[in-house]
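Novice: Compact mmCIF, C-alpha atoms, file work-v6.txt:
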```txt
# COMPACT_ATOMS: atom_id res chain seq x y z
CA MET A 1 130.48 35.46 64.67
CA SER A 2 133.41 37.80 64.18
CA ARG A 3 134.97 38.55 67.52
CA ILE A 4 137.38 41.07 66.04
CA GLY A 5 134.72 42.90 64.03
CA LYS A 6 132.47 43.39 67.05
CA ARG A 7 135.13 45.20 69.10
CA PRO A 8 134.88 48.97 69.05
CA LEU A 9 138.02 50.68 67.78
CA PRO A 10 139.14 53.53 70.06
CA ILE A 11 140.18 56.71 68.29
CA PRO A 12 143.25 58.15 70.06
CA HIS A 13 143.62 61.83 70.90
CA GLY A 14 145.09 63.77 67.98
CA VAL A 15 143.57 61.48 65.33
CA SER A 16 140.62 62.59 63.20
CA VAL A 17 138.39 60.17 61.31
CA ASN A 18 136.13 61.33 58.47
CA LEU A 19 133.41 59.20 56.89
CA ASP A 20 132.18 60.03 53.40
CA GLY A 21 129.82 57.27 52.36
CA ASN A 22 132.01 54.17 52.08
CA ARG A 23 135.26 56.16 52.16
CA VAL A 24 137.12 56.37 55.48
CA SER A 25 139.86 58.98 55.96
CA VAL A 26 142.14 58.86 59.01
CA LYS A 27 144.47 61.75 59.75
CA GLY A 28 147.10 61.86 62.49
CA PRO A 29 150.60 63.06 63.34
CA LYS A 30 152.33 60.56 60.98
CA GLY A 31 150.16 61.27 57.93
CA GLU A 32 146.80 60.65 56.32
CA LEU A 33 145.34 57.39 54.98
CA ASN A 34 142.19 56.72 52.94
CA ARG A 35 140.37 53.47 52.30
CA GLN A 36 137.22 52.42 50.49
CA VAL A 37 135.10 50.13 52.68
CA HIS A 38 132.97 47.36 51.15
CA ASP A 39 129.53 48.60 50.08
CA GLU A 40 127.58 46.19 52.28
CA LEU A 41 129.30 47.16 55.54
CA LYS A 42 128.60 50.28 57.59
CA VAL A 43 131.21 52.22 59.53
CA ARG A 44 130.06 54.76 62.11
CA ILE A 45 131.61 56.94 64.78
CA ASP A 46 130.19 56.62 68.28
CA GLY A 47 131.82 59.20 70.54
CA SER A 48 135.53 58.45 70.46
CA GLN A 49 135.09 54.96 68.99
CA LEU A 50 134.82 53.58 65.48
CA LEU A 51 132.27 50.78 64.93
CA VAL A 52 131.90 48.41 61.97
CA GLU A 53 128.49 46.83 61.39
CA ARG A 54 127.48 44.03 59.05
CA PRO A 55 124.04 43.45 57.49
CA SER A 56 123.73 39.70 58.17
CA ASP A 57 125.48 36.61 59.54
CA GLU A 58 126.43 35.20 56.13
CA PRO A 59 130.00 33.86 56.03
CA LYS A 60 130.94 36.51 53.46
CA HIS A 61 129.74 39.31 55.73
CA LYS A 62 131.42 37.79 58.79
CA ALA A 63 134.75 37.64 56.96
CA LEU A 64 134.44 41.21 55.66
CA HIS A 65 133.42 42.41 59.13
CA GLY A 66 136.62 41.27 60.83
CA LEU A 67 138.80 42.25 57.86
CA THR A 68 137.42 45.78 57.70
CA ARG A 69 137.85 46.35 61.42
CA ALA A 70 141.45 45.06 61.26
CA LEU A 71 142.25 47.32 58.28
CA LEU A 72 140.81 50.34 60.09
CA LYS A 73 142.84 49.47 63.20
CA ASN A 74 146.00 49.34 61.06
CA MET A 75 145.14 52.76 59.63
CA VAL A 76 144.64 54.33 63.06
CA GLU A 77 147.81 52.71 64.41
CA GLY A 78 149.77 53.78 61.33
CA VAL A 79 148.89 57.47 61.58
CA THR A 80 149.71 57.53 65.32
CA LEU A 81 152.81 55.31 65.64
CA GLY A 82 153.77 54.32 62.09
CA TYR A 83 155.22 51.02 60.90
CA VAL A 84 158.84 49.93 60.42
CA ARG A 85 160.36 46.94 58.60
CA THR A 86 164.11 46.43 58.86
CA LEU A 87 166.16 44.64 56.21
CA GLU A 88 169.68 43.34 56.68
CA ILE A 89 172.32 42.99 53.94
CA GLN A 90 174.86 40.18 54.27
CA GLY A 91 177.79 39.55 51.97
CA VAL A 92 181.32 40.81 51.42
CA GLY A 93 181.16 44.17 49.65
CA TYR A 94 177.38 44.33 49.83
CA LYS A 95 176.09 47.70 51.01
CA ALA A 96 173.34 50.28 50.73
CA GLU A 97 173.42 54.05 50.71
CA VAL A 98 170.66 56.63 50.78
CA ARG A 99 170.13 58.55 47.54
CA PRO A 100 167.59 61.41 47.30
CA PRO A 101 164.71 59.49 45.66
CA GLY A 102 165.41 56.26 47.56
CA VAL A 103 168.33 53.92 48.13
CA ARG A 104 171.26 52.60 46.09
CA LEU A 105 172.08 48.91 46.58
CA THR A 106 175.46 47.37 45.78
CA VAL A 107 174.75 43.66 46.10
CA GLY A 108 177.10 41.72 43.84
CA PHE A 109 175.82 42.76 40.42
CA SER A 110 178.03 44.44 37.81
CA HIS A 111 176.11 47.67 38.50
CA PRO A 112 174.50 49.31 41.52
CA VAL A 113 170.70 49.02 41.75
CA ASP A 114 168.72 52.20 42.48
CA PHE A 115 165.44 51.68 44.32
CA LYS A 116 163.01 54.60 44.37
CA ALA A 117 160.76 54.91 47.40
CA PRO A 118 157.06 55.57 46.74
CA ALA A 119 155.34 58.60 48.26
CA GLY A 120 154.80 58.25 52.02
CA ILE A 121 157.72 55.87 52.57
CA LYS A 122 160.96 56.91 54.27
CA LEU A 123 164.10 54.82 53.71
CA THR A 124 167.09 55.09 56.05
CA VAL A 125 170.36 53.13 56.15
CA ASP A 126 172.41 52.31 59.27
CA ASN A 127 176.04 51.10 59.01
CA ASN A 128 175.61 50.47 55.25
CA VAL A 129 173.88 47.14 55.98
CA LEU A 130 170.58 47.87 57.75
CA ILE A 131 167.75 49.37 55.72
CA LYS A 132 164.73 50.73 57.60
CA VAL A 133 161.48 51.12 55.70
CA GLU A 134 159.13 53.47 57.59
CA GLY A 135 155.66 54.79 56.87
CA PRO A 136 152.07 55.04 58.10
CA ASP A 137 150.59 52.46 55.68
CA LYS A 138 151.28 48.90 56.88
CA GLU A 139 150.58 47.34 53.48
CA LEU A 140 152.85 49.74 51.62
CA VAL A 141 155.71 49.35 54.13
CA GLY A 142 155.54 45.55 53.75
CA GLN A 143 155.33 45.79 49.96
CA VAL A 144 158.36 48.10 49.69
CA ALA A 145 160.39 45.88 52.06
CA SER A 146 159.47 42.86 49.94
CA GLU A 147 160.50 44.61 46.71
CA ILE A 148 163.86 45.60 48.19
CA ARG A 149 164.41 42.01 49.35
CA LYS A 150 163.61 40.75 45.82
CA VAL A 151 166.61 42.68 44.41
CA ARG A 152 168.92 40.00 45.91
CA PRO A 153 167.13 37.41 48.08
CA PRO A 154 169.37 35.39 50.42
CA GLU A 155 170.92 32.39 48.73
CA PRO A 156 171.02 29.03 50.54
CA TYR A 157 174.75 28.19 50.28
CA LYS A 158 176.54 31.16 51.82
CA GLY A 159 173.50 33.14 52.99
CA LYS A 160 174.49 36.25 51.04
CA GLY A 161 171.76 38.70 50.06
CA ILE A 162 169.06 40.91 51.53
CA ARG A 163 166.89 39.48 54.30
CA TYR A 164 164.48 40.70 56.93
CA LEU A 165 166.12 41.40 60.28
CA GLY A 166 165.98 38.16 62.27
CA GLU A 167 164.98 36.01 59.27
CA ALA A 168 166.46 32.52 59.43
CA VAL A 169 167.81 31.39 56.07
CA ARG A 170 167.89 27.65 55.58
CA ARG A 171 171.40 26.66 54.55
CA LYS A 172 172.34 23.82 52.20
CA ALA A 173 175.49 21.76 52.21
CA GLY A 174 177.79 22.43 49.27
CA LYS A 175 179.60 19.86 47.15
CA THR A 176 181.13 17.00 49.08
CA GLY A 177 184.60 17.28 47.55
CA ALA A 178 186.87 14.65 45.98
CA LYS A 179 185.57 11.65 44.04
CA ALA A 180 185.52 8.27 45.69
CA THR A 181 187.74 5.81 43.83
```
Show me the file's structure as structure tokens.
Specialist:
Amino acid sequence: MSRIGKRPLPIPHGVSVNLDGNRVSVKGPKGELNRQVHDELKVRIDGSQLLVERPSDEPKHKALHGLTRALLKNMVEGVTLGYVRTLEIQGVGYKAEVRPPGVRLTVGFSHPVDFKAPAGIKLTVDNNVLIKVEGPDKELVGQVASEIRKVRPPEPYKGKGIRYLGEAVRRKAGKTGAKAT
């Protein structure tokens, strides 16, 4: 039995939810999100709450029940508060600067790397080394942060590169030095 799926999802003040068949649209102060819900599940509005119902107790339906409720919760939370992922750049001469379509990264290559932000994502840079990825869609914020990190992931010897704020990078010992005779 899905404990998460059974919980009603409160709809905060200032957020509107529209149901059109299996399509759920959530609109709030931070933006608007749409999602297609699985055909076998039903989503309904009961007063100021959103309920997800499943047709049976099959394992497939139980899994989809909890997943759908969690995705809807992320949508409601995203349009009210929004999501933020912060990336940190470490390395001598490594920096980032905001450019109109996105961000320009100077991370040890022979050329700067331009990263374009998709629609709905806001990129900001603090002190040339902290990149904040903000937006209402939790999945998209995480995906964009991951793609920025992939430009120059942290390397294990000196720890240089782009990492999530607070990420611990496992360090390796370098060469031991002179030969033993």
Novice: Which of these residues is nearest to A:Lys95, using all atoms listed in the file: A:Arg44, A:Lys160, A:Ile4, A:Met75?
Specialist: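 Of A:Arg44, A:Lys160, A:Ile4, A:Met75, the one nearest A:Lys95, counting all atoms listed in the file, is A:Lys160.
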Novice: What is the atom CA of A:Val37 to atom CA of A:Lys122 distance in Å?
Specialist: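 So the two atoms, atom CA of A:Val37 and atom CA of A:Lys122, lie 26.8 Å apart.
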Novice: Please compute the atom CA of A:Leu72-atom CA of A:Ile121 distance, one decimal, in Å.
Specialist: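 Computing it gives 19.3 Å between the two atoms.
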Novice: So which residues touch stretch 22-33 of chain A within 9 Å, counting all atoms listed in the file, skipping near sequence neighbours fewer than 3 positions away, as a ChimeraX atom specification?
Specialist: /A:14-19,36-39,41-43,72,75-76,78-82,120,135-137
Novice: Step by step, gather every atom of stretch 139-146 of chain A that the file lists, find the box along x, y and z that holds them, add 4 Å on each side, and finally give centre and edge lengths in Å to one decimal, as JSON.
Specialist:
```
{"center_x": 155.5, "center_y": 46.3, "center_z": 51.9, "size_x": 17.8, "size_y": 14.9, "size_z": 12.4}
```
Novice: Ranking A:Gly5, A:Gly166, A:Pro101, A:Pro112 by minimum distance to A:Leu64 and counting all atoms listed in the file, which one comes first?
Specialist: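 Answer, going by the shortest atom-to-atom distance: A:Gly5.
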Novice: Which stretch 43-107 of chain A residues have any atom within 8 Å of an atom of stretch 142-150 of chain A, and for each, what is the nearest pair of atoms with distance in Å to one decimal, counting all atoms listed in the file, rows sorted by chain and number, as CSV?
Specialist:
```
residue,atom,partner,partner_atom,distance
A:Arg85,CA,A:Ala145,CA,6.6
A:Thr86,CA,A:Ala145,CA,7.8
A:Leu87,CA,A:Ala145,CA,7.2
```
Novice: Quick one: pull the distance between atom CA of A:Glu97 and atom CA of A:Lys158, Å, one decimal.
Specialist: 23.1 Å
Novice: Which residues come within 12 Å of stretch 168-174 of chain A, counting only C-alpha atoms, excluding same-chain residues fewer than 6 positions away, as a list in words?
Specialist: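 Returned residues: Glu88, Gln90, Pro153, Pro154, Glu155, Pro156, Tyr157, Lys158, Gly159, Lys160, Gly161 and Ile162 of chain A.
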Novice: Let me see the file: selected residues, C-alpha atoms, as a PDB file, in the coordinates of the input.
Specialist:
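Result file is part.pdb:
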```pdb
ATOM      1  CA  GLU A  88     169.680  43.340  56.680  1.00  0.00           C
ATOM      2  CA  GLN A  90     174.860  40.180  54.270  1.00  0.00           C
ATOM      3  CA  PRO A 153     167.130  37.410  48.080  1.00  0.00           C
ATOM      4  CA  PRO A 154     169.370  35.390  50.420  1.00  0.00           C
ATOM      5  CA  GLU A 155     170.920  32.390  48.730  1.00  0.00           C
ATOM      6  CA  PRO A 156     171.020  29.030  50.540  1.00  0.00           C
ATOM      7  CA  TYR A 157     174.750  28.190  50.280  1.00  0.00           C
ATOM      8  CA  LYS A 158     176.540  31.160  51.820  1.00  0.00           C
ATOM      9  CA  GLY A 159     173.500  33.140  52.990  1.00  0.00           C
ATOM     10  CA  LYS A 160     174.490  36.250  51.040  1.00  0.00           C
ATOM     11  CA  GLY A 161     171.760  38.700  50.060  1.00  0.00           C
ATOM     12  CA  ILE A 162     169.060  40.910  51.530  1.00  0.00           C
TER      13      ILE A 162
END
```
Novice: Tell me which of A:Arg54, A:Pro10, A:Lys116, A:Arg163 sits closest to A:Lys73, counting only C-alpha atoms.
Specialist: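 The closest residue to A:Lys73 is A:Pro10.
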Novice: With distances taken over all atoms listed in the file, which of A:Val151, A:Val98, A:Leu67, A:His111 is nearest to A:Asn128?
Specialist: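 Once distances to A:Asn128 are computed over all atoms listed in the file, the minimum belongs to A:Val98.
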Novice: Do you know which residues are at most 7 Å from A:Val113 counting all atoms listed in the file, after dropping those on the same chain fewer than 3 positions away, and could you put them as number ranges by chain?
Specialist: A: 104-106
Novice: Using all atoms listed in the file and a cutoff of 6 Å, can you tell me which residues are near (168.6, 51.8, 51.7) in the file's coordinates, and write them out as a CSV table (one decimal) with C-alpha atoms, in the coordinates of the input?
Specialist:
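Below is the file point_35.csv, written as the result:
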```
chain,number,residue,atom,x,y,z
A,96,ALA,CA,173.3,50.3,50.7
A,97,GLU,CA,173.4,54.0,50.7
A,98,VAL,CA,170.7,56.6,50.8
A,103,VAL,CA,168.3,53.9,48.1
A,123,LEU,CA,164.1,54.8,53.7
A,124,THR,CA,167.1,55.1,56.0
A,125,VAL,CA,170.4,53.1,56.2
A,131,ILE,CA,167.8,49.4,55.7
```
Novice: Can you pull stretch 39-84 of chain A out of that block with N, CA and C atoms and hand it back as a short mmCIF file (atom, residue, chain, number, x, y, z; two decimals), in the first residue's frame?
Specialist:
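Contents of the output file out_13.cif:
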```
data_model
loop_
_atom_site.label_atom_id
_atom_site.label_comp_id
_atom_site.auth_asym_id
_atom_site.auth_seq_id
_atom_site.Cartn_x
_atom_site.Cartn_y
_atom_site.Cartn_z
N ASP A 39 -2.35 6.79 -17.76
CA ASP A 39 -3.76 6.59 -18.13
C ASP A 39 -4.59 5.86 -17.08
N GLU A 40 -3.98 4.95 -16.35
CA GLU A 40 -4.74 4.12 -15.42
C GLU A 40 -5.00 4.80 -14.07
N LEU A 41 -4.34 5.91 -13.81
CA LEU A 41 -4.55 6.61 -12.54
C LEU A 41 -5.52 7.77 -12.73
N LYS A 42 -6.23 8.11 -11.65
CA LYS A 42 -7.16 9.23 -11.69
C LYS A 42 -6.69 10.30 -10.72
N VAL A 43 -6.71 11.54 -11.16
CA VAL A 43 -6.39 12.68 -10.30
C VAL A 43 -7.66 13.51 -10.20
N ARG A 44 -8.04 13.88 -8.97
CA ARG A 44 -9.23 14.71 -8.80
C ARG A 44 -8.97 15.77 -7.74
N ILE A 45 -9.73 16.85 -7.85
CA ILE A 45 -9.64 17.95 -6.89
C ILE A 45 -10.80 17.83 -5.93
N ASP A 46 -10.49 17.83 -4.64
CA ASP A 46 -11.51 17.75 -3.59
C ASP A 46 -11.34 18.97 -2.70
N GLY A 47 -12.09 20.03 -2.97
CA GLY A 47 -11.95 21.26 -2.20
C GLY A 47 -10.63 21.93 -2.53
N SER A 48 -9.78 22.05 -1.52
CA SER A 48 -8.46 22.64 -1.75
C SER A 48 -7.37 21.58 -1.66
N GLN A 49 -7.72 20.35 -2.05
CA GLN A 49 -6.76 19.25 -2.01
C GLN A 49 -6.78 18.51 -3.35
N LEU A 50 -5.64 17.93 -3.66
CA LEU A 50 -5.47 17.15 -4.88
C LEU A 50 -5.33 15.69 -4.45
N LEU A 51 -6.12 14.80 -5.03
CA LEU A 51 -6.09 13.38 -4.67
C LEU A 51 -5.73 12.54 -5.89
N VAL A 52 -4.90 11.51 -5.66
CA VAL A 52 -4.53 10.56 -6.71
C VAL A 52 -5.10 9.22 -6.32
N GLU A 53 -5.83 8.60 -7.25
CA GLU A 53 -6.46 7.30 -6.98
C GLU A 53 -5.97 6.27 -7.97
N ARG A 54 -5.82 5.04 -7.48
CA ARG A 54 -5.37 3.94 -8.35
C ARG A 54 -6.50 2.92 -8.51
N PRO A 55 -6.50 2.17 -9.63
CA PRO A 55 -7.59 1.24 -9.88
C PRO A 55 -7.51 -0.06 -9.08
N SER A 56 -6.30 -0.52 -8.73
CA SER A 56 -6.17 -1.79 -8.03
C SER A 56 -4.93 -1.77 -7.14
N ASP A 57 -4.68 -2.89 -6.47
CA ASP A 57 -3.52 -3.01 -5.59
C ASP A 57 -2.38 -3.77 -6.24
N GLU A 58 -2.33 -3.80 -7.57
CA GLU A 58 -1.22 -4.44 -8.26
C GLU A 58 0.06 -3.66 -7.96
N PRO A 59 1.21 -4.32 -7.91
CA PRO A 59 2.46 -3.61 -7.64
C PRO A 59 2.73 -2.45 -8.61
N LYS A 60 2.37 -2.65 -9.87
CA LYS A 60 2.56 -1.58 -10.86
C LYS A 60 1.74 -0.34 -10.48
N HIS A 61 0.50 -0.55 -10.10
CA HIS A 61 -0.37 0.57 -9.74
C HIS A 61 0.07 1.22 -8.44
N LYS A 62 0.56 0.42 -7.50
CA LYS A 62 1.06 0.98 -6.23
C LYS A 62 2.25 1.90 -6.49
N ALA A 63 3.16 1.44 -7.35
CA ALA A 63 4.35 2.23 -7.65
C ALA A 63 3.97 3.53 -8.37
N LEU A 64 3.09 3.44 -9.35
CA LEU A 64 2.65 4.63 -10.08
C LEU A 64 1.88 5.59 -9.18
N HIS A 65 1.17 5.04 -8.20
CA HIS A 65 0.38 5.87 -7.28
C HIS A 65 1.28 6.82 -6.50
N GLY A 66 2.29 6.28 -5.86
CA GLY A 66 3.21 7.09 -5.07
C GLY A 66 4.04 8.03 -5.94
N LEU A 67 4.47 7.54 -7.11
CA LEU A 67 5.26 8.35 -8.02
C LEU A 67 4.47 9.56 -8.51
N THR A 68 3.24 9.32 -8.91
CA THR A 68 2.41 10.40 -9.44
C THR A 68 2.15 11.46 -8.38
N ARG A 69 1.86 11.04 -7.17
CA ARG A 69 1.60 11.99 -6.09
C ARG A 69 2.86 12.81 -5.80
N ALA A 70 4.03 12.17 -5.80
CA ALA A 70 5.29 12.87 -5.54
C ALA A 70 5.59 13.87 -6.67
N LEU A 71 5.33 13.49 -7.92
CA LEU A 71 5.56 14.41 -9.03
C LEU A 71 4.64 15.62 -8.96
N LEU A 72 3.38 15.39 -8.58
CA LEU A 72 2.43 16.49 -8.43
C LEU A 72 2.84 17.41 -7.28
N LYS A 73 3.35 16.83 -6.20
CA LYS A 73 3.82 17.63 -5.07
C LYS A 73 4.99 18.51 -5.50
N ASN A 74 5.91 17.95 -6.29
CA ASN A 74 7.04 18.73 -6.80
C ASN A 74 6.57 19.87 -7.70
N MET A 75 5.52 19.63 -8.47
CA MET A 75 4.99 20.68 -9.34
C MET A 75 4.40 21.82 -8.52
N VAL A 76 3.59 21.47 -7.51
CA VAL A 76 2.97 22.49 -6.67
C VAL A 76 4.03 23.27 -5.90
N GLU A 77 5.02 22.56 -5.35
CA GLU A 77 6.10 23.23 -4.62
C GLU A 77 6.94 24.11 -5.54
N GLY A 78 7.15 23.66 -6.78
CA GLY A 78 7.95 24.42 -7.73
C GLY A 78 7.31 25.72 -8.14
N VAL A 79 5.99 25.73 -8.34
CA VAL A 79 5.34 26.97 -8.77
C VAL A 79 5.11 27.93 -7.60
N THR A 80 5.23 27.45 -6.35
CA THR A 80 5.10 28.36 -5.21
C THR A 80 6.46 28.85 -4.73
N LEU A 81 7.40 27.94 -4.49
CA LEU A 81 8.71 28.32 -3.94
C LEU A 81 9.83 28.30 -4.97
N GLY A 82 9.79 27.37 -5.91
CA GLY A 82 10.85 27.20 -6.89
C GLY A 82 11.95 26.31 -6.34
N TYR A 83 12.86 25.90 -7.19
CA TYR A 83 13.97 25.04 -6.81
C TYR A 83 15.29 25.70 -7.18
N VAL A 84 16.33 25.44 -6.39
CA VAL A 84 17.65 26.01 -6.62
C VAL A 84 18.70 24.92 -6.45
#
```
